[in-house]
$ cat my_file-v5.cif   # mmCIF, C-alpha atoms
data_target
#
loop_
_atom_site.label_atom_id
_atom_site.label_comp_id
_atom_site.auth_asym_id
_atom_site.auth_seq_id
_atom_site.Cartn_x
_atom_site.Cartn_y
_atom_site.Cartn_z
CA MET A 4 -6.59 30.78 -57.70
CA GLU A 5 -7.82 33.23 -55.10
CA PRO A 6 -10.80 34.54 -57.13
CA SER A 7 -12.04 30.97 -57.67
CA VAL A 8 -11.75 30.18 -53.96
CA GLN A 9 -13.42 33.47 -52.98
CA ALA A 10 -16.29 32.75 -55.39
CA HIS A 11 -17.17 29.87 -53.02
CA ARG A 12 -17.04 32.31 -50.07
CA LEU A 13 -13.88 30.65 -48.80
CA TYR A 14 -10.47 31.90 -47.71
CA LEU A 15 -7.27 30.81 -49.47
CA GLU A 16 -5.16 29.74 -46.49
CA ASP A 17 -2.04 28.44 -48.24
CA VAL A 18 -0.57 27.34 -51.57
CA SER A 19 2.65 25.34 -51.77
CA ILE A 20 4.42 23.37 -54.49
CA GLN A 21 6.62 20.35 -53.84
CA ILE A 22 8.86 19.13 -56.63
CA ALA A 23 9.70 15.44 -56.87
CA GLY A 24 11.78 14.78 -59.98
CA ALA A 25 9.73 15.63 -63.05
CA ASN A 26 6.48 15.74 -61.07
CA ARG A 27 5.05 18.46 -58.86
CA VAL A 28 2.46 18.41 -56.13
CA VAL A 29 0.44 21.61 -55.74
CA HIS A 30 -1.09 21.82 -52.24
CA VAL A 31 -3.96 24.26 -51.78
CA VAL A 32 -5.54 24.82 -48.36
CA VAL A 33 -8.93 26.59 -48.16
CA ASP A 34 -11.00 27.53 -45.14
CA LEU A 35 -14.31 29.12 -44.22
CA PRO A 36 -14.36 32.84 -43.39
CA GLN A 37 -13.47 33.64 -39.77
CA GLU A 38 -17.09 34.47 -38.90
CA GLU A 39 -18.19 30.89 -39.51
CA THR A 40 -17.71 27.68 -37.56
CA GLY A 41 -17.70 24.14 -38.87
CA GLY A 42 -15.74 22.81 -41.79
CA VAL A 43 -15.61 23.00 -45.56
CA SER A 44 -17.75 20.27 -47.14
CA LEU A 45 -16.09 17.60 -49.28
CA ASP A 46 -18.39 18.52 -52.18
CA VAL A 47 -17.08 22.08 -52.14
CA ILE A 48 -13.47 20.84 -51.90
CA ALA A 49 -14.07 18.62 -54.96
CA GLU A 50 -15.65 21.48 -56.92
CA ILE A 51 -12.78 23.84 -56.12
CA SER A 52 -10.29 21.13 -57.06
CA ARG A 53 -11.90 20.77 -60.51
CA GLU A 54 -11.93 24.54 -61.02
CA LEU A 55 -8.31 25.02 -59.94
CA SER A 56 -7.18 22.12 -62.12
CA GLY A 57 -8.83 23.82 -65.11
CA ILE A 58 -7.14 27.11 -64.23
CA LEU A 59 -3.71 25.48 -63.98
CA ASP A 60 -4.22 23.52 -67.21
CA SER A 61 -5.23 26.61 -69.20
CA ASP A 62 -2.67 29.07 -67.79
CA PRO A 63 0.04 29.65 -70.44
CA SER A 64 2.47 30.92 -67.79
CA TYR A 65 2.30 27.56 -66.00
CA ASP A 66 4.63 25.06 -67.68
CA SER A 67 3.43 21.73 -69.04
CA ARG A 68 5.16 19.40 -66.58
CA PRO A 69 2.77 16.98 -64.88
CA TYR A 70 1.39 17.89 -61.47
CA ASP A 71 -0.90 16.48 -58.81
CA LEU A 72 -3.33 18.93 -57.25
CA GLU A 73 -4.33 18.43 -53.61
CA VAL A 74 -7.04 20.70 -52.20
CA SER A 75 -7.94 20.42 -48.52
CA SER A 76 -9.10 22.33 -45.47
CA PRO A 77 -6.69 22.97 -42.59
CA GLY A 78 -8.07 20.27 -40.30
CA VAL A 79 -8.09 20.11 -36.55
CA GLY A 80 -4.30 19.72 -36.32
CA ARG A 81 -3.57 23.24 -37.60
CA PRO A 82 -1.90 25.38 -34.95
CA LEU A 83 -3.87 28.49 -34.04
CA THR A 84 -1.41 31.26 -34.88
CA GLU A 85 -3.51 34.05 -36.41
CA PRO A 86 -6.58 35.85 -35.05
CA ARG A 87 -8.72 34.36 -37.85
CA HIS A 88 -7.76 30.84 -36.66
CA TRP A 89 -9.00 31.68 -33.16
CA HIS A 90 -12.27 33.08 -34.55
CA ARG A 91 -12.82 29.83 -36.48
CA ALA A 92 -12.28 27.80 -33.29
CA ARG A 93 -14.97 29.59 -31.22
CA GLY A 94 -16.68 27.18 -28.85
CA ARG A 95 -13.88 24.62 -29.09
CA MET A 96 -11.63 23.30 -26.34
CA VAL A 97 -8.05 24.47 -26.92
CA ASN A 98 -4.62 24.25 -25.36
CA VAL A 99 -3.02 27.71 -25.37
CA ASN A 100 0.77 28.03 -25.36
CA ILE A 101 1.43 31.23 -23.41
CA ILE A 102 4.62 33.25 -23.94
CA GLN A 103 6.44 33.28 -20.59
CA GLY A 104 3.78 31.38 -18.70
CA GLU A 105 2.07 28.06 -18.24
CA ASN A 106 -0.13 26.58 -20.92
CA ILE A 107 -3.87 26.98 -20.37
CA THR A 108 -6.55 24.55 -21.50
CA GLY A 109 -10.08 25.85 -21.87
CA ARG A 110 -13.02 26.56 -24.15
CA ILE A 111 -12.95 29.63 -26.39
CA GLN A 112 -15.85 31.82 -25.30
CA SER A 113 -15.18 34.78 -27.59
CA VAL A 114 -12.56 36.42 -29.78
CA ASP A 115 -12.05 40.10 -30.55
CA ASP A 116 -9.32 42.27 -32.08
CA ASP A 117 -7.24 42.17 -28.88
CA GLY A 118 -7.36 38.52 -27.87
CA VAL A 119 -9.25 35.45 -26.77
CA THR A 120 -11.64 34.99 -23.85
CA LEU A 121 -11.18 31.47 -22.56
CA VAL A 122 -13.12 29.52 -19.92
CA PRO A 123 -10.30 27.51 -18.33
CA GLU A 124 -10.76 23.84 -17.55
CA ILE A 125 -9.62 22.95 -14.05
CA ALA A 126 -8.30 19.41 -13.74
CA ALA A 127 -10.34 17.13 -11.50
CA LYS A 128 -9.57 13.87 -9.76
CA LYS A 129 -9.41 10.80 -11.97
CA GLY A 130 -12.87 9.70 -13.08
CA MET A 131 -14.48 13.04 -12.25
CA LYS A 132 -15.62 15.67 -14.73
CA PRO A 133 -13.28 18.70 -14.97
CA LYS A 134 -14.58 21.99 -13.56
CA GLN A 135 -14.73 25.31 -15.36
CA GLY A 136 -12.91 28.37 -14.08
CA GLU A 137 -13.86 32.00 -14.53
CA PRO A 138 -13.55 33.42 -18.07
CA GLU A 139 -10.09 34.85 -18.70
CA LYS A 140 -9.10 37.32 -21.43
CA ILE A 141 -5.73 36.46 -23.00
CA PRO A 142 -4.24 39.13 -25.28
CA PHE A 143 -2.85 37.89 -28.60
CA ASP A 144 0.57 39.33 -27.74
CA ARG A 145 0.82 36.83 -24.84
CA ILE A 146 -0.11 33.82 -27.01
CA ARG A 147 2.56 31.85 -28.87
CA ASN A 148 -0.02 29.52 -30.46
CA GLY A 149 -2.87 27.20 -29.64
CA LYS A 150 -4.14 23.80 -30.60
CA VAL A 151 -7.71 22.54 -30.78
CA GLU A 152 -8.30 19.58 -28.49
CA ILE A 153 -10.31 16.74 -30.00
CA GLU A 154 -13.43 16.13 -27.92
CA PHE A 155 -16.00 13.41 -28.15
CA SER A 156 -18.08 14.09 -25.04
CA HIS A 157 -19.00 17.73 -25.79
CA LEU A 158 -20.14 17.54 -29.40
CA ASP A 159 -23.80 18.08 -28.52
CA GLU A 160 -23.06 20.82 -25.97
CA VAL A 161 -21.34 23.22 -28.37
CA GLY A 162 -24.42 23.64 -30.60
CA LEU A 163 -22.84 26.21 -32.92
CA GLU A 164 -24.36 26.68 -36.38
CA ASP A 165 -23.19 27.92 -39.68
CA GLU A 166 -24.88 28.30 -43.01
CA HIS A 167 -22.76 25.59 -44.68
CA ASN A 168 -23.47 22.76 -42.24
CA GLY A 169 -26.43 23.72 -40.04
CA PRO A 170 -26.50 22.96 -36.31
CA SER A 171 -23.83 20.74 -34.81
CA GLU A 172 -25.08 17.20 -34.45
CA GLU A 173 -23.74 14.31 -32.43
CA ALA A 174 -21.98 11.74 -34.59
#

$ encode --input "my_file-v5.cif" --output "structure tokens"
Amino acid sequence: MEPSVQAHRLYLEDVSIQIAGANRVVHVVVDLPQEETGGVSLDVIAEISRELSGILDSDPSYDSRPYDLEVSSPGVGRPLTEPRHWHRARGRMVNVNIIQGENITGRIQSVDDDGVTLVPEIAAKKGMKPKQGEPEKIPFDRIRNGKVEIEFSHLDEVGLEDEHNGPSEEA
């Protein structure tokens, strides 16, 4: 499976199989390389799904029981647990779960081998726009995990581009 996914310049995030009676569900999660932002297009997901289905159907080591193949990207709900996840979330607002400390909410400014530089969001009075704090470097060894916050008001401010989707555009 991995060579087929890599041929599309994607990363094979996870493969799992669930068995329900005589049927199986094969879940495959693919993602863009860590250098890119944005998401995997549905057309690419469909193409990979067709290719992987052909691979599974023609593999003599894979038994003949029926299966359903589900190919997807991780989605916004994926916890940020690995450095590559943090790279992929550059420019996004995140909630960071700190080991032995308070959670921090802020926008990822940059990511390197050692950790994440976050611009913290300082809560404001109700009805007022939150303020930004000074950038703060958080080493990976202090981070339990993170979660991308869904934003609707900042879509046009991020302005990140990638070669798969072009510039970010307001929905």

$ resolve_selection --input "my_file-v5.cif" --expression "the PyMOL selection byres ((chain A and resi 140) around 12)" --output "JSON, numbers by chain"
{"A": [107, 109, 110, 111, 112, 113, 114, 115, 116, 117, 118, 119, 120, 121, 122, 123, 137, 138, 139, 141, 142, 143, 144, 145, 146]}

$ closest_residue --input "my_file-v5.cif" --among "A:Phe155, A:Ser44, A:Arg147, A:Glu16" --to "Gly104 (chain A)" --atoms "only C-alpha atoms"
A:Arg147

$ resolve_selection --input "my_file-v5.cif" --expression "the PyMOL selection byres ((chain A and resi 74) around 7)" --output "PyMOL selection string"
chain A and resi 30-32+48+52+72-73+75

$ write_last_selection --input "my_file-v5.cif" --atoms "C-alpha atoms" --output "tab-separated table (two decimals), keeping the file's coordinate frame"
chain	number	residue	atom	x	y	z
A	30	HIS	CA	-1.09	21.82	-52.24
A	31	VAL	CA	-3.96	24.26	-51.78
A	32	VAL	CA	-5.54	24.82	-48.36
A	48	ILE	CA	-13.47	20.84	-51.90
A	52	SER	CA	-10.29	21.13	-57.06
A	72	LEU	CA	-3.33	18.93	-57.25
A	73	GLU	CA	-4.33	18.43	-53.61
A	75	SER	CA	-7.94	20.42	-48.52

$ residues_around --input "my_file-v5.cif" --residues "Leu55 (chain A)" --least-positions-apart "4" --cutoff "8 Å" --atoms "only C-alpha atoms" --output "PDB file with C-alpha atoms, in the frame of the given file"
ATOM      1  CA  MET A   4      -6.590  30.780 -57.700  1.00  0.00           C
ATOM      2  CA  SER A   7     -12.040  30.970 -57.670  1.00  0.00           C
ATOM      3  CA  ILE A  51     -12.780  23.840 -56.120  1.00  0.00           C
ATOM      4  CA  LEU A  59      -3.710  25.480 -63.980  1.00  0.00           C
TER       5      LEU A  59
END

$ residues_around --input "my_file-v5.cif" --residues "region 23-28 of chain A" --least-positions-apart "4" --cutoff "6 Å" --atoms "all atoms listed in the file" --output "VMD selection string"
chain A and resid 69 to 72

$ closest_residue --input "my_file-v5.cif" --among "A:Pro77, A:Gly149, A:Gly130, A:Gly94" --to "Thr108 (chain A)" --atoms "all atoms listed in the file"
A:Gly149

$ residues_around --input "my_file-v5.cif" --residues "Val151 (chain A)" --least-positions-apart "4" --cutoff "12 Å" --atoms "all atoms listed in the file" --output "MDAnalysis selection string"
chainID A and resid 77:84 88:89 91:100 107:111

$ resolve_selection --input "my_file-v5.cif" --expression "the PyMOL selection byres ((chain A and resi 14) around 6)" --output "ChimeraX atom specification"
/A:13,15-16,33-36

$ atom_distance --input "my_file-v5.cif" --atom1 "CA of Glu105 (chain A)" --atom2 "CA of Glu154 (chain A)"
21.8 Å

$ atom_distance --input "my_file-v5.cif" --atom1 "CA of Asp17 (chain A)" --atom2 "CA of Ser64 (chain A)"
20.2 Å

$ decode --input "my_file-v5.cif" --residues "region 25-77 of chain A" --atoms "C-alpha atoms" --output "PDB file, in the first residue's frame"
ATOM      1  CA  ALA A  25     -17.521 -12.540   7.776  1.00  0.00           C
ATOM      2  CA  ASN A  26     -16.862  -8.966   6.614  1.00  0.00           C
ATOM      3  CA  ARG A  27     -13.862  -6.734   7.168  1.00  0.00           C
ATOM      4  CA  VAL A  28     -13.401  -3.000   6.983  1.00  0.00           C
ATOM      5  CA  VAL A  29      -9.945  -1.832   5.934  1.00  0.00           C
ATOM      6  CA  HIS A  30      -9.340   1.772   7.076  1.00  0.00           C
ATOM      7  CA  VAL A  31      -6.501   3.644   5.374  1.00  0.00           C
ATOM      8  CA  VAL A  32      -5.554   7.173   6.447  1.00  0.00           C
ATOM      9  CA  VAL A  33      -3.326   9.261   4.142  1.00  0.00           C
ATOM     10  CA  ASP A  34      -1.949  12.755   4.612  1.00  0.00           C
ATOM     11  CA  LEU A  35       0.131  15.366   2.820  1.00  0.00           C
ATOM     12  CA  PRO A  36       3.856  15.544   3.591  1.00  0.00           C
ATOM     13  CA  GLN A  37       4.713  17.608   6.672  1.00  0.00           C
ATOM     14  CA  GLU A  38       6.083  20.478   4.558  1.00  0.00           C
ATOM     15  CA  GLU A  39       2.655  21.187   3.080  1.00  0.00           C
ATOM     16  CA  THR A  40      -0.481  22.770   4.479  1.00  0.00           C
ATOM     17  CA  GLY A  41      -4.051  22.231   3.392  1.00  0.00           C
ATOM     18  CA  GLY A  42      -5.790  18.939   2.872  1.00  0.00           C
ATOM     19  CA  VAL A  43      -5.821  15.971   0.534  1.00  0.00           C
ATOM     20  CA  SER A  44      -8.302  16.498  -2.312  1.00  0.00           C
ATOM     21  CA  LEU A  45     -11.282  14.168  -2.637  1.00  0.00           C
ATOM     22  CA  ASP A  46     -10.216  13.323  -6.194  1.00  0.00           C
ATOM     23  CA  VAL A  47      -6.866  12.046  -4.926  1.00  0.00           C
ATOM     24  CA  ILE A  48      -8.585  10.081  -2.134  1.00  0.00           C
ATOM     25  CA  ALA A  49     -10.860   8.436  -4.735  1.00  0.00           C
ATOM     26  CA  GLU A  50      -7.914   7.599  -7.001  1.00  0.00           C
ATOM     27  CA  ILE A  51      -5.930   6.055  -4.143  1.00  0.00           C
ATOM     28  CA  SER A  52      -9.007   4.104  -3.068  1.00  0.00           C
ATOM     29  CA  ARG A  53      -9.319   2.569  -6.553  1.00  0.00           C
ATOM     30  CA  GLU A  54      -5.614   1.710  -6.641  1.00  0.00           C
ATOM     31  CA  LEU A  55      -5.580   0.153  -3.171  1.00  0.00           C
ATOM     32  CA  SER A  56      -8.716  -1.846  -3.941  1.00  0.00           C
ATOM     33  CA  GLY A  57      -6.971  -3.274  -7.009  1.00  0.00           C
ATOM     34  CA  ILE A  58      -3.900  -4.119  -4.928  1.00  0.00           C
ATOM     35  CA  LEU A  59      -5.970  -5.920  -2.289  1.00  0.00           C
ATOM     36  CA  ASP A  60      -8.012  -7.785  -4.917  1.00  0.00           C
ATOM     37  CA  SER A  61      -4.919  -9.041  -6.759  1.00  0.00           C
ATOM     38  CA  ASP A  62      -2.766  -9.927  -3.731  1.00  0.00           C
ATOM     39  CA  PRO A  63      -2.701 -13.746  -3.368  1.00  0.00           C
ATOM     40  CA  SER A  64      -1.642 -13.458   0.288  1.00  0.00           C
ATOM     41  CA  TYR A  65      -4.856 -11.563   1.083  1.00  0.00           C
ATOM     42  CA  ASP A  66      -7.729 -13.997   1.575  1.00  0.00           C
ATOM     43  CA  SER A  67     -10.928 -13.833  -0.456  1.00  0.00           C
ATOM     44  CA  ARG A  68     -13.344 -12.772   2.292  1.00  0.00           C
ATOM     45  CA  PRO A  69     -15.322  -9.640   1.418  1.00  0.00           C
ATOM     46  CA  TYR A  70     -14.053  -6.296   2.663  1.00  0.00           C
ATOM     47  CA  ASP A  71     -14.991  -2.629   2.565  1.00  0.00           C
ATOM     48  CA  LEU A  72     -12.151  -0.211   1.917  1.00  0.00           C
ATOM     49  CA  GLU A  73     -12.312   3.247   3.495  1.00  0.00           C
ATOM     50  CA  VAL A  74      -9.622   5.755   2.520  1.00  0.00           C
ATOM     51  CA  SER A  75      -9.583   9.155   4.217  1.00  0.00           C
ATOM     52  CA  SER A  76      -7.373  11.957   5.463  1.00  0.00           C
ATOM     53  CA  PRO A  77      -6.919  12.518   9.208  1.00  0.00           C
TER      54      PRO A  77
END
